[in-house]
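A short write-up of the structure that comes next.
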Amino acid sequence: MTDFAAIDFETANNERSSVCAVSVVIVRGGEIVNTFYSLIQPEPNYYSYWCSRVHDLCCNDTDDAPIFPDVWKQIEPLIQGLPLVAHNSRFDEGCLKAVFRTYQIDYPDYIFLDTLRASRRKLRYLPNHQLHTVAAALGYDLKNHHHALADAEACAWIAREIM
């Protein structure tokens, strides 16, 4: 696979619509040609202890951030015509659908592909198929795990290697 957009969301709480950060890594011809990262004011706008513990974001980080529709207007032209790739795409696709519903935006039925499922098929020997484990097995040094941009870059690397 040579043309795709790797995407990663972080959420503020257990609601899938509470996206508080997003990143997209655009790959064309097998090369990263563009990256995008933005904080987002989550909806609902509160942070659970566990989510903040994972990604280290809190209200102070996103109180002045744009709302999702304003961020998506910047992302939409970047991903046009590309399949979206995520590690555990059920989560990221679920977030995207939920936030589209929350803001009453028509969802355009994006095509999602999953590096988690691909890694389970192709790298059966791994002890687990978490993003950092798969990335390391493929020679990628994932630093700053659970930062949306770092995770999307790792996902793009994995997709280029095994999909």
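Residues are referred to by chain and number: the chain letter is A, B, ... according to the order shown in the structure tokens, the number counts from 1 in that chain, and ligands are numbered separately from 1 in the order shown.
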
May I have all residues of segment 67-122 of chain A that DSSP, computed from the backbone, assigns to alpha helix (DSSP H), given as a compact mmCIF listing (two decimals) with N, CA, C and O atoms, in the first residue's frame?
# COMPACT_ATOMS: atom_id res chain seq x y z
N PHE A 68 -14.20 20.47 16.87
CA PHE A 68 -13.95 19.47 15.84
C PHE A 68 -14.28 19.93 14.42
O PHE A 68 -13.46 19.73 13.52
N PRO A 69 -15.46 20.51 14.15
CA PRO A 69 -15.75 20.87 12.75
C PRO A 69 -14.70 21.81 12.14
O PRO A 69 -14.39 21.69 10.95
N ASP A 70 -14.16 22.70 12.94
CA ASP A 70 -13.14 23.62 12.41
C ASP A 70 -11.83 22.88 12.10
O ASP A 70 -11.15 23.19 11.13
N VAL A 71 -11.50 21.89 12.90
CA VAL A 71 -10.29 21.09 12.65
C VAL A 71 -10.51 20.20 11.44
O VAL A 71 -9.63 20.08 10.58
N TRP A 72 -11.70 19.59 11.34
CA TRP A 72 -11.94 18.66 10.24
C TRP A 72 -11.92 19.38 8.89
O TRP A 72 -11.53 18.79 7.88
N LYS A 73 -12.30 20.64 8.86
CA LYS A 73 -12.23 21.42 7.61
C LYS A 73 -10.79 21.50 7.09
O LYS A 73 -10.57 21.60 5.88
N GLN A 74 -9.82 21.43 7.98
CA GLN A 74 -8.42 21.44 7.57
C GLN A 74 -7.95 20.05 7.13
O GLN A 74 -7.11 19.92 6.25
N ILE A 75 -8.50 19.02 7.77
CA ILE A 75 -8.09 17.65 7.47
C ILE A 75 -8.72 17.13 6.19
O ILE A 75 -8.07 16.44 5.40
N GLU A 76 -9.97 17.44 5.97
CA GLU A 76 -10.73 16.88 4.85
C GLU A 76 -10.03 16.97 3.51
O GLU A 76 -9.93 15.97 2.80
N PRO A 77 -9.48 18.12 3.12
CA PRO A 77 -8.81 18.16 1.82
C PRO A 77 -7.52 17.33 1.79
O PRO A 77 -7.12 16.85 0.73
N LEU A 78 -6.88 17.12 2.92
CA LEU A 78 -5.65 16.34 2.98
C LEU A 78 -5.90 14.86 2.70
O LEU A 78 -5.07 14.19 2.11
N ILE A 79 -7.05 14.36 3.16
CA ILE A 79 -7.32 12.92 3.08
C ILE A 79 -8.22 12.55 1.90
O ILE A 79 -8.51 11.37 1.71
N SER A 89 -8.50 0.25 14.28
CA SER A 89 -9.38 1.18 13.55
C SER A 89 -10.79 1.23 14.13
O SER A 89 -11.48 2.24 13.96
N ARG A 90 -11.22 0.20 14.84
CA ARG A 90 -12.55 0.25 15.46
C ARG A 90 -12.65 1.44 16.40
O ARG A 90 -13.69 2.11 16.46
N PHE A 91 -11.58 1.72 17.14
CA PHE A 91 -11.58 2.87 18.04
C PHE A 91 -11.62 4.18 17.26
O PHE A 91 -12.47 5.02 17.49
N ASP A 92 -10.68 4.35 16.33
CA ASP A 92 -10.58 5.63 15.62
C ASP A 92 -11.78 5.88 14.72
O ASP A 92 -12.29 7.00 14.66
N GLU A 93 -12.26 4.86 14.03
CA GLU A 93 -13.46 5.02 13.21
C GLU A 93 -14.67 5.32 14.10
O GLU A 93 -15.51 6.17 13.76
N GLY A 94 -14.73 4.66 15.25
CA GLY A 94 -15.81 4.94 16.20
C GLY A 94 -15.78 6.37 16.69
O GLY A 94 -16.83 7.02 16.82
N CYS A 95 -14.59 6.88 16.97
CA CYS A 95 -14.46 8.28 17.38
C CYS A 95 -14.94 9.21 16.27
O CYS A 95 -15.69 10.17 16.53
N LEU A 96 -14.49 8.95 15.06
CA LEU A 96 -14.85 9.82 13.95
C LEU A 96 -16.37 9.83 13.72
O LEU A 96 -16.98 10.89 13.58
N LYS A 97 -16.98 8.67 13.73
CA LYS A 97 -18.44 8.60 13.54
C LYS A 97 -19.17 9.29 14.69
O LYS A 97 -20.16 10.00 14.46
N ALA A 98 -18.70 9.10 15.91
CA ALA A 98 -19.36 9.70 17.06
C ALA A 98 -19.28 11.22 17.03
O ALA A 98 -20.26 11.92 17.32
N VAL A 99 -18.13 11.75 16.68
CA VAL A 99 -17.99 13.21 16.67
C VAL A 99 -18.75 13.83 15.49
O VAL A 99 -19.30 14.92 15.59
N PHE A 100 -18.83 13.11 14.38
CA PHE A 100 -19.67 13.57 13.27
C PHE A 100 -21.13 13.63 13.72
O PHE A 100 -21.84 14.60 13.42
N ARG A 101 -21.60 12.60 14.45
CA ARG A 101 -22.98 12.59 14.96
C ARG A 101 -23.20 13.74 15.93
O ARG A 101 -24.22 14.43 15.89
N THR A 102 -22.24 13.94 16.83
CA THR A 102 -22.37 14.98 17.84
C THR A 102 -22.57 16.35 17.21
O THR A 102 -23.38 17.15 17.67
N THR A 115 -4.09 -1.59 10.96
CA THR A 115 -2.77 -2.19 11.13
C THR A 115 -2.73 -3.19 12.28
O THR A 115 -1.88 -4.08 12.29
N LEU A 116 -3.64 -3.07 13.24
CA LEU A 116 -3.70 -4.05 14.32
C LEU A 116 -4.07 -5.41 13.76
O LEU A 116 -3.40 -6.41 14.02
N ARG A 117 -5.13 -5.46 12.97
CA ARG A 117 -5.55 -6.73 12.37
C ARG A 117 -4.47 -7.28 11.43
O ARG A 117 -4.19 -8.48 11.42
N ALA A 118 -3.88 -6.39 10.65
CA ALA A 118 -2.82 -6.83 9.73
C ALA A 118 -1.64 -7.40 10.49
O ALA A 118 -1.06 -8.41 10.10
N SER A 119 -1.29 -6.77 11.61
CA SER A 119 -0.14 -7.27 12.39
C SER A 119 -0.46 -8.62 13.03
O SER A 119 0.42 -9.46 13.15
N ARG A 120 -1.69 -8.84 13.42
CA ARG A 120 -2.07 -10.14 13.99
C ARG A 120 -1.96 -11.26 12.95
O ARG A 120 -1.62 -12.38 13.29
N ARG A 121 -2.24 -10.92 11.69
CA ARG A 121 -2.12 -11.91 10.61
C ARG A 121 -0.67 -12.16 10.22
O ARG A 121 -0.25 -13.29 10.01
N LYS A 122 0.12 -11.10 10.14
CA LYS A 122 1.46 -11.21 9.57
C LYS A 122 2.57 -11.36 10.60
O LYS A 122 3.67 -11.80 10.26

Segment 36-53 of chain A environment, 10 Å, only C-alpha atoms, sequence neighbours closer than 2 positions dropped, as a VMD selection string = chain A and resid 7 to 26 34 55 to 59 61 to 72 74 to 75 78 99 102 to 103 147 to 150 152

Atom CA of Gln104 of chain A and atom CA of Asp151 of chain A are how many Å apart?
->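 Those two atoms sit 27.7 Å apart.
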
With only C-alpha atoms as the atoms that count, which of A:Gln80, A:Ala6, A:Asp109, A:Glu31 lies nearest to Ala154 of chain A?
->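 Using only C-alpha atoms, the shortest distance to Ala154 of chain A belongs to A:Ala6.
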
By how many Å are atom CA of Val27 of chain A and atom CA of Tyr125 of chain A apart?
->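 Result for atom CA of Val27 of chain A versus atom CA of Tyr125 of chain A: 27.5 Å, one decimal.
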
With only C-alpha atoms as the basis for distance, which of A:Ile111, A:Val134, A:Val85, A:Ile32 is at the shortest distance from Ala159 of chain A?
->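 Of A:Ile111, A:Val134, A:Val85, A:Ile32, the one nearest Ala159 of chain A, counting only C-alpha atoms, is A:Val85.
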